[in-house]
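Novice: Before I ask anything, here is the structure I am working with.
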Amino acid sequence: MGAAGRSNQRKRSAARRDEVAEEFPASIGMDVPSEAEALSDEDDNAEEGDFDSILQKMADDQGFGSDESEDFGVQDGDEDGEEEDDEDDKSEIHSSDIDGASSEENEEEDDEDDEDSSISDDDKDPLLIRAASRSTEGHDTVVDSDNDADDSVLDGKDIDKLTINDFGRDLGTWKEYRKTLPQIEAGYASDSSTEEPVNTIGNVPIEWYADSQHIGYDIDGKRIMRPATSDELDRFLDNMDNPDVFRTARDEINQQDVKLSEEEIDIIRRIQGGAIPDADYNPYEDTVEWFTSQTMQTPLTSAQPSKRGFVPSKWEHNRVMKIVRAIRQGRITRSAPTSTAPQYFDLWADAEADDAAGTGRRQRERLAAPKLALPTHAESYHPPGEYLPTEEEKSKWLEQDPDYRKRDFLPQDFGTLRTVPGYGRFIQERFQRCLDLYLAPRMKKKISHLNPEELMPKLPDPRDLRPFPSRESLVYLGHTGRVRSISVDPTGMWLLSGSDDGTVRLWELITGRCAQIWDLKETVYRVAWCPSQDSCVFAAAVGSRVVIVIPSDLCDDNRRLVSEELVKAGFGSAAAAEADDDSSLPVSWDMPTSTEQASGVHVSIAMHRTVKSVTWHRRGDYLATLTSEEGGSSVLIHQISKHKSQRPFRKLKGAVQHIKFHPTRPWFLVTTQRYVRIYNLMQQSLVKTLQPGVKWISSVDVHPQGDNVIVGSYDKKLSWFDLDLSMKPYRSIRYHSQAIRQVQFSRKFPLFATASDDGTIQIYHGMVYQDLNQNPLIAPLKILRGHEIRNSLGVLDCLFHPIQPWLLSSGADGTIRLWM
């Protein structure tokens, strides 16, 4: 402590002793402490916690006085004198205050102090003036600019954030400054804000406390009782009155609602948007180059290179000469080159089968030795009597060659196991066993355990694929020969049938009544209704001609007039048509006989060969015929309205078996013995050739949508083609035991049928999906039996009803059957 500090302390202690003596006279009987005792008491009070005393003591310890003039520009030469005057003035002020002196004396002393001091009180305490202006509400205090200029200590500092070091030795001003600071209120961040205990259960499910009256424990280990909960109605009413309900979250741990701040809401929005939660984080900050990328142009050091870098080394010379002497003496010899054997690798070896050393050598898999057969009753020491050989069998066994003997031993009977001797051929058999294991090659057979049910295709239940024909409903009787062909009119009410007895019969489909009979005197190979619903016309292939018939009894006047106009319109231009036609065509359009005209026959198309097939175009004006003639003339297309015939092919490869118009495109299908060729009639080009892979094709039909084709063959196979997929069959089916005569699609339902010489008709479900990525579903449904087999011929033709899920079939037994 400096001399000035000690003198000030003595002055204060003397003044305090005088004050105590005046306030407590000696008559009271109270001892007044001495100066040393007062100093010791003052130190004790400072230790007990007097803030002012502590600050004063800290200043005294550091050698600071209480004179404020030291910090505010007092001259160094007058420093000591002014300190003593100030101390005297202060002591006079204190004593006057204690004695209750009047304010006038205080004012006079203040004036004297003003005269002695070079700086006024207002100039000495600018912080008090600013603090007073901050604490006064609604008033502005103006501070003289001269005072601010003199306040060099506080320049550039924030008044609200000053510390004790900013005041230096002026502790009084620091104390007054602290009194002017705003009062600290208990807010959210203060210790007094945590009045409600915080649940400290940690990462524990709150459901564990569902049956308890408390929800957890605080930091002191005391239970936190469960707060009262309101019902849904009260909660709804509270939410209606709460403007911050949409920014309130539920704290399940503490069972209370927490209002989210703007920063928390911004973090939630950023997380929902997939952005970085921290708004101040910049993921695209500039790269900080910790190491420079510029190459230094100056050396690291400017020292001169060492002389050793230019003078030969003696140590290296001695080392080299030592090695040379060792070579001359033969102590160091050149080693012979090691012969490296070529390495061979197994190209077909699996990488996992290589050994652990990585030599590339394939490890051989261990094959276990085959197990010996278990001993039988004949090898027992006490076998049953039927296993013991007779004397004749023994002699026969001894006479056989050892290689041809069934057993290497003869069964013997021993009463007990103790009497069984050692086996005489044990060593020989063990040796033979070892030879078998060593010399005989063995291979590992992998046995696949398959469940027969897994090999069966997963097909839907037929009951889920109804409706489809499943039973015989009606039999049409009347024909005396084979019924080769049947056809149903577009309305689905009438049925035509052609037979070997030379007649064409018209049946009422529902009742089975024969409505009309046409006797054409020759075998009827094919009958076909015109698909147009505006007309009522059918064609019949009879021998070597095709007759066009209009059953007038079935048609109304309008349809009859349209049909007659269609059929007879070509007779007026017949001469011109004959002139335009190729003379080489074996076709003639003739008027029928009077007898045939009376029965309804209006046109007769005569050909040179037998007509085997007749098919109509979907528009009803064109008719295609197939004859038994070979070459391009076997297939002809006729236009009914103009009585004109044309030959679409000049040359065909192979004998044609079947012909068919495409239902939706201008395509024409020509079936030979092994191929199905599809031609475009408009472009006169070959579109595609289907290869069923069969020996002899019998029939073909096209799906109503036009993208799938089924082909039947005489070698019992059915082939399904997807025209958009491949020229090979998508699915081949062989369920019939005899040749397939006819295949047919249903025009309305996802069904198709096959008729065979085995006397059965098989019904299939054939669903074609609009989605090109989904394959057609083909599933067998039903086998229909009812036709008899005559001369190895069974069912000759089958046809679906155009409206109902019914099937009609005709057979070699002369009957027609309706299946529902």
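Simple scheme: letters A, B, ... for chains in structure tokens order, numbers from 1 for residues in each chain, numbers from 1 for ligands in the order shown.
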Give me, as a list in words, all polymer residues having an atom no more than 12 Å from stretch 221-236 of chain A, counting only C-alpha atoms and skipping those fewer than 6 positions away in the same chain.
Specialist: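 So, after excluding close chain neighbours, the residues are Glu196, Pro197, Val198, Asn199, Thr200, Ile201, Ile206, Tyr209, Ala210, Asp211, Ser212, Gln213, His214, Ile215, Asn242, Val245, Glu252, Ile253, Asn254, Gln255, Gln256 and Asp257 of chain A.
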Novice: Pull N, CA, C and O atoms from the residues just selected and write them as a PDB file, in the first residue's frame.
Specialist:
```pdb
ATOM      1  N   GLU A 196     -41.349 -24.554 -12.186  1.00  0.00           N
ATOM      2  CA  GLU A 196     -41.910 -25.891 -12.373  1.00  0.00           C
ATOM      3  C   GLU A 196     -40.770 -26.887 -12.515  1.00  0.00           C
ATOM      4  O   GLU A 196     -39.811 -26.645 -13.251  1.00  0.00           O
ATOM      5  N   PRO A 197     -40.837 -27.976 -11.847  1.00  0.00           N
ATOM      6  CA  PRO A 197     -39.759 -28.964 -11.939  1.00  0.00           C
ATOM      7  C   PRO A 197     -39.693 -29.579 -13.333  1.00  0.00           C
ATOM      8  O   PRO A 197     -40.715 -29.769 -13.991  1.00  0.00           O
ATOM      9  N   VAL A 198     -38.490 -29.882 -13.766  1.00  0.00           N
ATOM     10  CA  VAL A 198     -38.259 -30.488 -15.064  1.00  0.00           C
ATOM     11  C   VAL A 198     -38.167 -31.996 -14.897  1.00  0.00           C
ATOM     12  O   VAL A 198     -37.484 -32.484 -13.998  1.00  0.00           O
ATOM     13  N   ASN A 199     -38.871 -32.705 -15.760  1.00  0.00           N
ATOM     14  CA  ASN A 199     -38.877 -34.161 -15.694  1.00  0.00           C
ATOM     15  C   ASN A 199     -37.541 -34.689 -16.180  1.00  0.00           C
ATOM     16  O   ASN A 199     -37.061 -34.326 -17.264  1.00  0.00           O
ATOM     17  N   THR A 200     -36.917 -35.530 -15.389  1.00  0.00           N
ATOM     18  CA  THR A 200     -35.576 -36.045 -15.688  1.00  0.00           C
ATOM     19  C   THR A 200     -35.572 -37.541 -15.912  1.00  0.00           C
ATOM     20  O   THR A 200     -34.589 -38.210 -15.604  1.00  0.00           O
ATOM     21  N   ILE A 201     -36.666 -38.083 -16.457  1.00  0.00           N
ATOM     22  CA  ILE A 201     -36.713 -39.546 -16.654  1.00  0.00           C
ATOM     23  C   ILE A 201     -35.885 -39.967 -17.854  1.00  0.00           C
ATOM     24  O   ILE A 201     -35.591 -41.150 -18.019  1.00  0.00           O
ATOM     25  N   ILE A 206     -43.242 -42.507 -21.865  1.00  0.00           N
ATOM     26  CA  ILE A 206     -44.156 -41.918 -20.886  1.00  0.00           C
ATOM     27  C   ILE A 206     -45.334 -42.835 -20.607  1.00  0.00           C
ATOM     28  O   ILE A 206     -46.040 -42.676 -19.593  1.00  0.00           O
ATOM     29  N   TYR A 209     -45.773 -44.593 -17.198  1.00  0.00           N
ATOM     30  CA  TYR A 209     -46.357 -43.900 -16.063  1.00  0.00           C
ATOM     31  C   TYR A 209     -47.850 -43.654 -16.262  1.00  0.00           C
ATOM     32  O   TYR A 209     -48.436 -42.794 -15.598  1.00  0.00           O
ATOM     33  N   ALA A 210     -48.479 -44.388 -17.170  1.00  0.00           N
ATOM     34  CA  ALA A 210     -49.903 -44.148 -17.455  1.00  0.00           C
ATOM     35  C   ALA A 210     -50.784 -44.501 -16.263  1.00  0.00           C
ATOM     36  O   ALA A 210     -51.810 -43.854 -16.018  1.00  0.00           O
ATOM     37  N   ASP A 211     -50.425 -45.517 -15.506  1.00  0.00           N
ATOM     38  CA  ASP A 211     -51.241 -45.955 -14.368  1.00  0.00           C
ATOM     39  C   ASP A 211     -50.786 -45.326 -13.054  1.00  0.00           C
ATOM     40  O   ASP A 211     -51.301 -45.703 -11.984  1.00  0.00           O
ATOM     41  N   SER A 212     -49.852 -44.420 -13.081  1.00  0.00           N
ATOM     42  CA  SER A 212     -49.345 -43.803 -11.853  1.00  0.00           C
ATOM     43  C   SER A 212     -49.867 -42.377 -11.745  1.00  0.00           C
ATOM     44  O   SER A 212     -50.322 -41.769 -12.726  1.00  0.00           O
ATOM     45  N   GLN A 213     -49.791 -41.865 -10.516  1.00  0.00           N
ATOM     46  CA  GLN A 213     -50.230 -40.503 -10.265  1.00  0.00           C
ATOM     47  C   GLN A 213     -49.149 -39.481 -10.592  1.00  0.00           C
ATOM     48  O   GLN A 213     -49.429 -38.286 -10.614  1.00  0.00           O
ATOM     49  N   HIS A 214     -47.928 -39.919 -10.816  1.00  0.00           N
ATOM     50  CA  HIS A 214     -46.851 -39.025 -11.161  1.00  0.00           C
ATOM     51  C   HIS A 214     -46.345 -39.381 -12.549  1.00  0.00           C
ATOM     52  O   HIS A 214     -46.603 -40.477 -13.063  1.00  0.00           O
ATOM     53  N   ILE A 215     -45.639 -38.427 -13.141  1.00  0.00           N
ATOM     54  CA  ILE A 215     -45.141 -38.610 -14.502  1.00  0.00           C
ATOM     55  C   ILE A 215     -43.632 -38.713 -14.553  1.00  0.00           C
ATOM     56  O   ILE A 215     -43.057 -38.835 -15.635  1.00  0.00           O
ATOM     57  N   ASN A 242     -57.218 -19.270 -27.959  1.00  0.00           N
ATOM     58  CA  ASN A 242     -55.764 -19.150 -27.975  1.00  0.00           C
ATOM     59  C   ASN A 242     -55.308 -18.768 -29.375  1.00  0.00           C
ATOM     60  O   ASN A 242     -55.464 -19.548 -30.323  1.00  0.00           O
ATOM     61  N   VAL A 245     -52.523 -21.207 -31.048  1.00  0.00           N
ATOM     62  CA  VAL A 245     -52.763 -22.647 -30.994  1.00  0.00           C
ATOM     63  C   VAL A 245     -52.034 -23.380 -32.125  1.00  0.00           C
ATOM     64  O   VAL A 245     -51.638 -24.536 -31.959  1.00  0.00           O
ATOM     65  N   GLU A 252     -44.783 -34.214 -24.222  1.00  0.00           N
ATOM     66  CA  GLU A 252     -45.325 -35.402 -23.569  1.00  0.00           C
ATOM     67  C   GLU A 252     -44.544 -35.764 -22.315  1.00  0.00           C
ATOM     68  O   GLU A 252     -45.089 -36.390 -21.404  1.00  0.00           O
ATOM     69  N   ILE A 253     -43.285 -35.415 -22.247  1.00  0.00           N
ATOM     70  CA  ILE A 253     -42.487 -35.775 -21.074  1.00  0.00           C
ATOM     71  C   ILE A 253     -42.945 -34.973 -19.863  1.00  0.00           C
ATOM     72  O   ILE A 253     -43.141 -35.511 -18.763  1.00  0.00           O
ATOM     73  N   ASN A 254     -43.124 -33.650 -20.047  1.00  0.00           N
ATOM     74  CA  ASN A 254     -43.551 -32.797 -18.937  1.00  0.00           C
ATOM     75  C   ASN A 254     -45.055 -32.572 -18.891  1.00  0.00           C
ATOM     76  O   ASN A 254     -45.533 -31.828 -18.028  1.00  0.00           O
ATOM     77  N   GLN A 255     -45.790 -33.141 -19.855  1.00  0.00           N
ATOM     78  CA  GLN A 255     -47.247 -33.035 -19.881  1.00  0.00           C
ATOM     79  C   GLN A 255     -47.699 -31.573 -19.884  1.00  0.00           C
ATOM     80  O   GLN A 255     -48.501 -31.143 -19.056  1.00  0.00           O
ATOM     81  N   GLN A 256     -47.176 -30.792 -20.818  1.00  0.00           N
ATOM     82  CA  GLN A 256     -47.564 -29.403 -20.911  1.00  0.00           C
ATOM     83  C   GLN A 256     -47.387 -28.944 -22.349  1.00  0.00           C
ATOM     84  O   GLN A 256     -46.673 -29.584 -23.140  1.00  0.00           O
ATOM     85  N   ASP A 257     -48.070 -27.829 -22.690  1.00  0.00           N
ATOM     86  CA  ASP A 257     -47.998 -27.268 -24.018  1.00  0.00           C
ATOM     87  C   ASP A 257     -46.885 -26.216 -24.066  1.00  0.00           C
ATOM     88  O   ASP A 257     -46.772 -25.387 -23.154  1.00  0.00           O
TER      89      ASP A 257
END
```
Novice: Tell me, as a PyMOL selection string, which residues lie within 12 Å of A:Arg526, counting only C-alpha atoms; anything in the same chain fewer than 3 positions away does not count.
Specialist: chain A and resi 483-487+496-500+502-504+522-523+529+538-547+610-616+625-627+796-797
Novice: How would the residues just picked look written out with C-alpha atoms as a compact mmCIF listing (two decimals), in the first residue's frame?
Specialist:
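Produced file out-v3.txt, reproduced below:
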```
# COMPACT_ATOMS: atom_id res chain seq x y z
CA VAL A 483 -72.48 -83.96 -91.01
CA ARG A 484 -69.38 -82.23 -92.33
CA SER A 485 -70.22 -78.59 -91.64
CA ILE A 486 -72.54 -76.40 -89.58
CA SER A 487 -73.16 -72.63 -89.47
CA LEU A 496 -77.47 -74.71 -91.15
CA SER A 497 -75.94 -78.16 -91.61
CA GLY A 498 -74.42 -79.90 -94.65
CA SER A 499 -74.05 -83.64 -94.88
CA ASP A 500 -72.77 -86.44 -97.08
CA GLY A 502 -76.49 -84.39 -100.29
CA THR A 503 -78.86 -82.22 -98.27
CA VAL A 504 -78.62 -78.90 -96.50
CA GLU A 522 -74.13 -84.14 -104.10
CA THR A 523 -71.95 -84.18 -101.02
CA TRP A 529 -73.90 -67.86 -93.49
CA PHE A 538 -75.74 -68.42 -97.20
CA ALA A 539 -73.31 -70.31 -99.44
CA ALA A 540 -72.92 -74.06 -99.74
CA ALA A 541 -70.01 -75.95 -101.32
CA VAL A 542 -71.66 -78.81 -103.21
CA GLY A 543 -69.35 -81.04 -105.24
CA SER A 544 -67.52 -78.78 -107.72
CA ARG A 545 -69.77 -75.75 -107.39
CA VAL A 546 -70.88 -73.14 -104.88
CA VAL A 547 -74.56 -72.22 -104.64
CA THR A 610 -64.19 -80.16 -105.85
CA VAL A 611 -64.74 -77.20 -103.51
CA LYS A 612 -63.44 -78.09 -100.05
CA SER A 613 -63.91 -74.83 -98.16
CA VAL A 614 -65.94 -71.60 -98.30
CA THR A 615 -65.38 -68.53 -96.16
CA TRP A 616 -66.99 -65.05 -96.15
CA THR A 625 -63.23 -70.69 -102.04
CA LEU A 626 -60.66 -73.47 -101.84
CA THR A 627 -60.59 -76.33 -104.35
CA LEU A 796 -65.98 -83.16 -87.66
CA ASP A 797 -66.98 -79.56 -86.91
```
Novice: Please provide as a PyMOL selection string all residues within 9 Å of stretch 690-699 of chain A, with the sequence filter that same-chain residues fewer than 3 positions apart are discarded (counting only C-alpha atoms).
Specialist: chain A and resi 657-659+671-678+710-715+717-721+723+726-729+732+739-744
Novice: Keeping only N, CA and C atoms, write the selected residues to a file as a compact mmCIF listing (two decimals), in the first residue's frame.
Specialist:
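Below is the file that was written, again_3.txt:
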```txt
# COMPACT_ATOMS: atom_id res chain seq x y z
N GLN A 657 -54.52 -76.17 -97.34
CA GLN A 657 -55.43 -76.96 -96.51
C GLN A 657 -56.61 -76.14 -96.00
N HIS A 658 -56.39 -74.84 -95.79
CA HIS A 658 -57.45 -74.03 -95.19
C HIS A 658 -57.21 -72.57 -95.55
N ILE A 659 -58.29 -71.80 -95.63
CA ILE A 659 -58.20 -70.37 -95.92
C ILE A 659 -59.11 -69.64 -94.93
N THR A 671 -53.30 -71.51 -95.37
CA THR A 671 -52.68 -72.57 -94.58
C THR A 671 -52.28 -73.71 -95.49
N THR A 672 -50.98 -74.01 -95.48
CA THR A 672 -50.49 -75.16 -96.22
C THR A 672 -50.31 -76.32 -95.24
N GLN A 673 -49.54 -77.32 -95.67
CA GLN A 673 -49.41 -78.51 -94.84
C GLN A 673 -48.63 -78.23 -93.56
N ARG A 674 -47.65 -77.33 -93.61
CA ARG A 674 -46.82 -77.09 -92.44
C ARG A 674 -46.71 -75.62 -92.04
N TYR A 675 -47.20 -74.70 -92.84
CA TYR A 675 -47.04 -73.28 -92.55
C TYR A 675 -48.37 -72.56 -92.70
N VAL A 676 -48.43 -71.42 -92.02
CA VAL A 676 -49.58 -70.51 -92.14
C VAL A 676 -49.01 -69.18 -92.62
N ARG A 677 -49.36 -68.81 -93.84
CA ARG A 677 -48.85 -67.57 -94.43
C ARG A 677 -49.95 -66.51 -94.39
N ILE A 678 -49.56 -65.31 -93.96
CA ILE A 678 -50.49 -64.19 -93.85
C ILE A 678 -50.11 -63.18 -94.91
N ILE A 710 -54.97 -69.62 -83.48
CA ILE A 710 -54.83 -71.01 -83.05
C ILE A 710 -54.83 -71.90 -84.27
N VAL A 711 -53.98 -72.92 -84.21
CA VAL A 711 -53.80 -73.84 -85.33
C VAL A 711 -53.95 -75.26 -84.81
N GLY A 712 -54.82 -76.05 -85.44
CA GLY A 712 -54.99 -77.46 -85.12
C GLY A 712 -54.36 -78.34 -86.17
N SER A 713 -53.90 -79.52 -85.79
CA SER A 713 -53.18 -80.40 -86.71
C SER A 713 -53.67 -81.82 -86.55
N TYR A 714 -53.35 -82.61 -87.58
CA TYR A 714 -53.73 -84.02 -87.54
C TYR A 714 -52.83 -84.83 -86.61
N ASP A 715 -51.73 -84.27 -86.14
CA ASP A 715 -50.87 -85.00 -85.20
C ASP A 715 -51.17 -84.59 -83.76
N LYS A 717 -51.93 -81.92 -82.04
CA LYS A 717 -51.37 -80.77 -81.35
C LYS A 717 -52.17 -79.50 -81.67
N LEU A 718 -52.27 -78.66 -80.65
CA LEU A 718 -52.89 -77.35 -80.78
C LEU A 718 -51.82 -76.29 -80.48
N SER A 719 -51.68 -75.30 -81.39
CA SER A 719 -50.65 -74.27 -81.25
C SER A 719 -51.33 -72.91 -81.16
N TRP A 720 -50.90 -72.12 -80.15
CA TRP A 720 -51.39 -70.76 -79.96
C TRP A 720 -50.29 -69.80 -80.38
N PHE A 721 -50.63 -68.87 -81.29
CA PHE A 721 -49.66 -67.89 -81.79
C PHE A 721 -50.08 -66.50 -81.34
N LEU A 723 -49.34 -62.90 -82.68
CA LEU A 723 -48.78 -62.29 -83.88
C LEU A 723 -47.81 -61.17 -83.56
N SER A 726 -44.01 -63.57 -81.87
CA SER A 726 -43.03 -64.35 -82.60
C SER A 726 -43.74 -65.18 -83.66
N MET A 727 -42.94 -65.74 -84.56
CA MET A 727 -43.47 -66.67 -85.55
C MET A 727 -43.57 -68.08 -85.00
N LYS A 728 -42.97 -68.32 -83.85
CA LYS A 728 -43.08 -69.62 -83.19
C LYS A 728 -44.30 -69.62 -82.27
N PRO A 729 -44.84 -70.77 -81.97
CA PRO A 729 -46.04 -70.80 -81.11
C PRO A 729 -45.72 -70.38 -79.68
N SER A 732 -48.05 -74.66 -76.93
CA SER A 732 -48.45 -75.87 -77.65
C SER A 732 -49.12 -76.81 -76.67
N ALA A 739 -56.56 -87.17 -84.07
CA ALA A 739 -56.35 -85.97 -84.87
C ALA A 739 -57.39 -84.89 -84.52
N ILE A 740 -56.95 -83.64 -84.60
CA ILE A 740 -57.84 -82.50 -84.37
C ILE A 740 -58.42 -82.09 -85.71
N ARG A 741 -59.77 -82.03 -85.77
CA ARG A 741 -60.45 -81.71 -87.02
C ARG A 741 -60.79 -80.22 -87.14
N GLN A 742 -61.12 -79.59 -86.04
CA GLN A 742 -61.58 -78.21 -86.11
C GLN A 742 -61.20 -77.48 -84.83
N VAL A 743 -60.84 -76.19 -84.99
CA VAL A 743 -60.59 -75.28 -83.86
C VAL A 743 -61.47 -74.05 -84.08
N GLN A 744 -61.96 -73.47 -82.98
CA GLN A 744 -62.91 -72.37 -83.12
C GLN A 744 -62.82 -71.45 -81.91
```
Novice: To one decimal place, how far is atom CA of A:Val587 from atom CA of A:Asp621 in Å?
Specialist: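 Straight-line distance from atom CA of A:Val587 to atom CA of A:Asp621 works out to 17.5 Å.
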Novice: Expressed in Å to a single decimal, how great is the separation between atom CA of A:His638 and atom CA of A:Leu623?
Specialist: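 Straight-line distance from atom CA of A:His638 to atom CA of A:Leu623 works out to 5.1 Å.
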Novice: Enter the distance from atom CA of A:Lys660 to atom CA of A:Tyr679, in Å, rounded to one decimal.
Specialist: 10.8 Å
Novice: Can you tell me, as number ranges by chain, which residues in stretch 272-451 of chain A count as alpha helix (DSSP H) by DSSP?
Specialist: A: 272, 314-329, 391-399, 426-439
Novice: With only C-alpha atoms as the atoms that count, which of A:Val635, A:Cys530, A:Met321, A:Leu465 lies nearest to A:Leu781?
Specialist: A:Leu465
Novice: DSSP on the backbone, strand (DSSP E or B) only: what residues of stretch 579-758 of chain A does that give? Format it as JSON, numbers by chain.
Specialist: {"A": [587, 588, 589, 590, 601, 602, 603, 604, 605, 606, 607, 611, 612, 613, 614, 615, 616, 622, 623, 624, 625, 626, 627, 635, 636, 637, 638, 639, 644, 645, 646, 658, 659, 660, 661, 667, 668, 669, 670, 671, 676, 677, 678, 679, 680, 685, 686, 687, 688, 689, 690, 697, 698, 699, 700, 701, 702, 708, 709, 710, 711, 712, 713, 718, 719, 720, 721, 722, 731, 732, 733, 740, 741, 742, 743, 744, 745, 751, 752, 753, 754, 755, 756]}
Novice: Identify, on the basis of only C-alpha atoms, every residue whose closest approach to A:Leu509 does not exceed 12 Å; exclude the query and any residue fewer than 4 positions from it along the same chain; express the result as a tab-separated table (two decimals) with N, CA and C atoms, in the first residue's frame.
Specialist:
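Below is the file that was written, part_12.tsv:
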```tsv
chain	number	residue	atom	x	y	z
A	473	SER	N	-77.37	-80.32	-74.24
A	473	SER	CA	-78.72	-79.82	-74.05
A	473	SER	C	-79.69	-80.30	-75.12
A	474	LEU	N	-79.25	-80.44	-76.37
A	474	LEU	CA	-80.18	-80.77	-77.45
A	474	LEU	C	-79.43	-81.53	-78.54
A	475	VAL	N	-80.13	-82.48	-79.19
A	475	VAL	CA	-79.57	-83.28	-80.28
A	475	VAL	C	-80.46	-83.09	-81.50
A	476	TYR	N	-79.86	-82.74	-82.64
A	476	TYR	CA	-80.59	-82.53	-83.88
A	476	TYR	C	-80.42	-83.80	-84.73
A	486	ILE	N	-71.40	-77.09	-90.17
A	486	ILE	CA	-72.54	-76.40	-89.58
A	486	ILE	C	-72.23	-74.92	-89.55
A	487	SER	N	-73.32	-74.08	-89.50
A	487	SER	CA	-73.16	-72.63	-89.47
A	487	SER	C	-74.40	-72.03	-88.85
A	488	VAL	N	-74.21	-70.95	-88.07
A	488	VAL	CA	-75.28	-70.25	-87.37
A	488	VAL	C	-75.40	-68.86	-87.97
A	489	ASP	N	-76.65	-68.40	-88.18
A	489	ASP	CA	-76.85	-67.08	-88.77
A	489	ASP	C	-76.46	-66.00	-87.76
A	491	THR	N	-78.06	-63.70	-86.28
A	491	THR	CA	-79.02	-63.47	-85.20
A	491	THR	C	-78.97	-64.56	-84.14
A	492	GLY	N	-78.39	-65.71	-84.46
A	492	GLY	CA	-78.31	-66.80	-83.49
A	492	GLY	C	-79.57	-67.61	-83.36
A	493	MET	N	-80.52	-67.48	-84.30
A	493	MET	CA	-81.79	-68.21	-84.20
A	493	MET	C	-81.84	-69.44	-85.10
A	494	TRP	N	-81.04	-69.48	-86.18
A	494	TRP	CA	-81.15	-70.56	-87.17
A	494	TRP	C	-79.80	-71.21	-87.35
A	495	LEU	N	-79.87	-72.50	-87.66
A	495	LEU	CA	-78.68	-73.34	-87.81
A	495	LEU	C	-78.73	-74.04	-89.15
A	496	LEU	N	-77.62	-74.00	-89.88
A	496	LEU	CA	-77.47	-74.71	-91.15
A	496	LEU	C	-76.54	-75.89	-90.95
A	497	SER	N	-76.79	-76.97	-91.68
A	497	SER	CA	-75.94	-78.16	-91.61
A	497	SER	C	-75.85	-78.77	-92.99
A	505	ARG	N	-79.78	-78.72	-94.39
A	505	ARG	CA	-80.95	-78.60	-93.52
A	505	ARG	C	-80.86	-77.30	-92.73
A	513	ARG	N	-86.22	-78.00	-84.32
A	513	ARG	CA	-87.14	-78.32	-85.42
A	513	ARG	C	-86.46	-78.04	-86.74
A	514	CYS	N	-86.61	-78.96	-87.71
A	514	CYS	CA	-86.06	-78.79	-89.05
A	514	CYS	C	-87.04	-77.94	-89.84
A	515	ALA	N	-86.63	-76.72	-90.21
A	515	ALA	CA	-87.53	-75.80	-90.88
A	515	ALA	C	-87.55	-75.99	-92.39
A	801	HIS	N	-71.91	-70.27	-80.44
A	801	HIS	CA	-73.06	-69.42	-80.70
A	801	HIS	C	-72.60	-67.96	-80.74
A	804	GLN	N	-74.66	-66.35	-77.20
A	804	GLN	CA	-74.65	-67.08	-75.93
A	804	GLN	C	-73.38	-67.92	-75.80
A	806	TRP	N	-72.73	-70.91	-75.83
A	806	TRP	CA	-73.14	-72.24	-76.23
A	806	TRP	C	-72.21	-72.74	-77.32
A	807	LEU	N	-72.21	-74.06	-77.49
A	807	LEU	CA	-71.36	-74.69	-78.50
A	807	LEU	C	-72.20	-75.70	-79.28
A	808	LEU	N	-72.05	-75.70	-80.60
A	808	LEU	CA	-72.69	-76.68	-81.48
A	808	LEU	C	-71.63	-77.53	-82.13
A	816	ILE	N	-76.14	-83.67	-84.69
A	816	ILE	CA	-75.69	-82.32	-84.31
A	816	ILE	C	-76.12	-82.12	-82.86
A	817	ARG	N	-75.21	-81.63	-82.06
A	817	ARG	CA	-75.48	-81.52	-80.63
A	817	ARG	C	-75.24	-80.08	-80.17
A	818	LEU	N	-76.10	-79.65	-79.25
A	818	LEU	CA	-76.01	-78.33	-78.64
A	818	LEU	C	-75.55	-78.49	-77.20
A	819	TRP	N	-74.47	-77.79	-76.86
A	819	TRP	CA	-73.90	-77.86	-75.51
A	819	TRP	C	-74.07	-76.50	-74.84
```
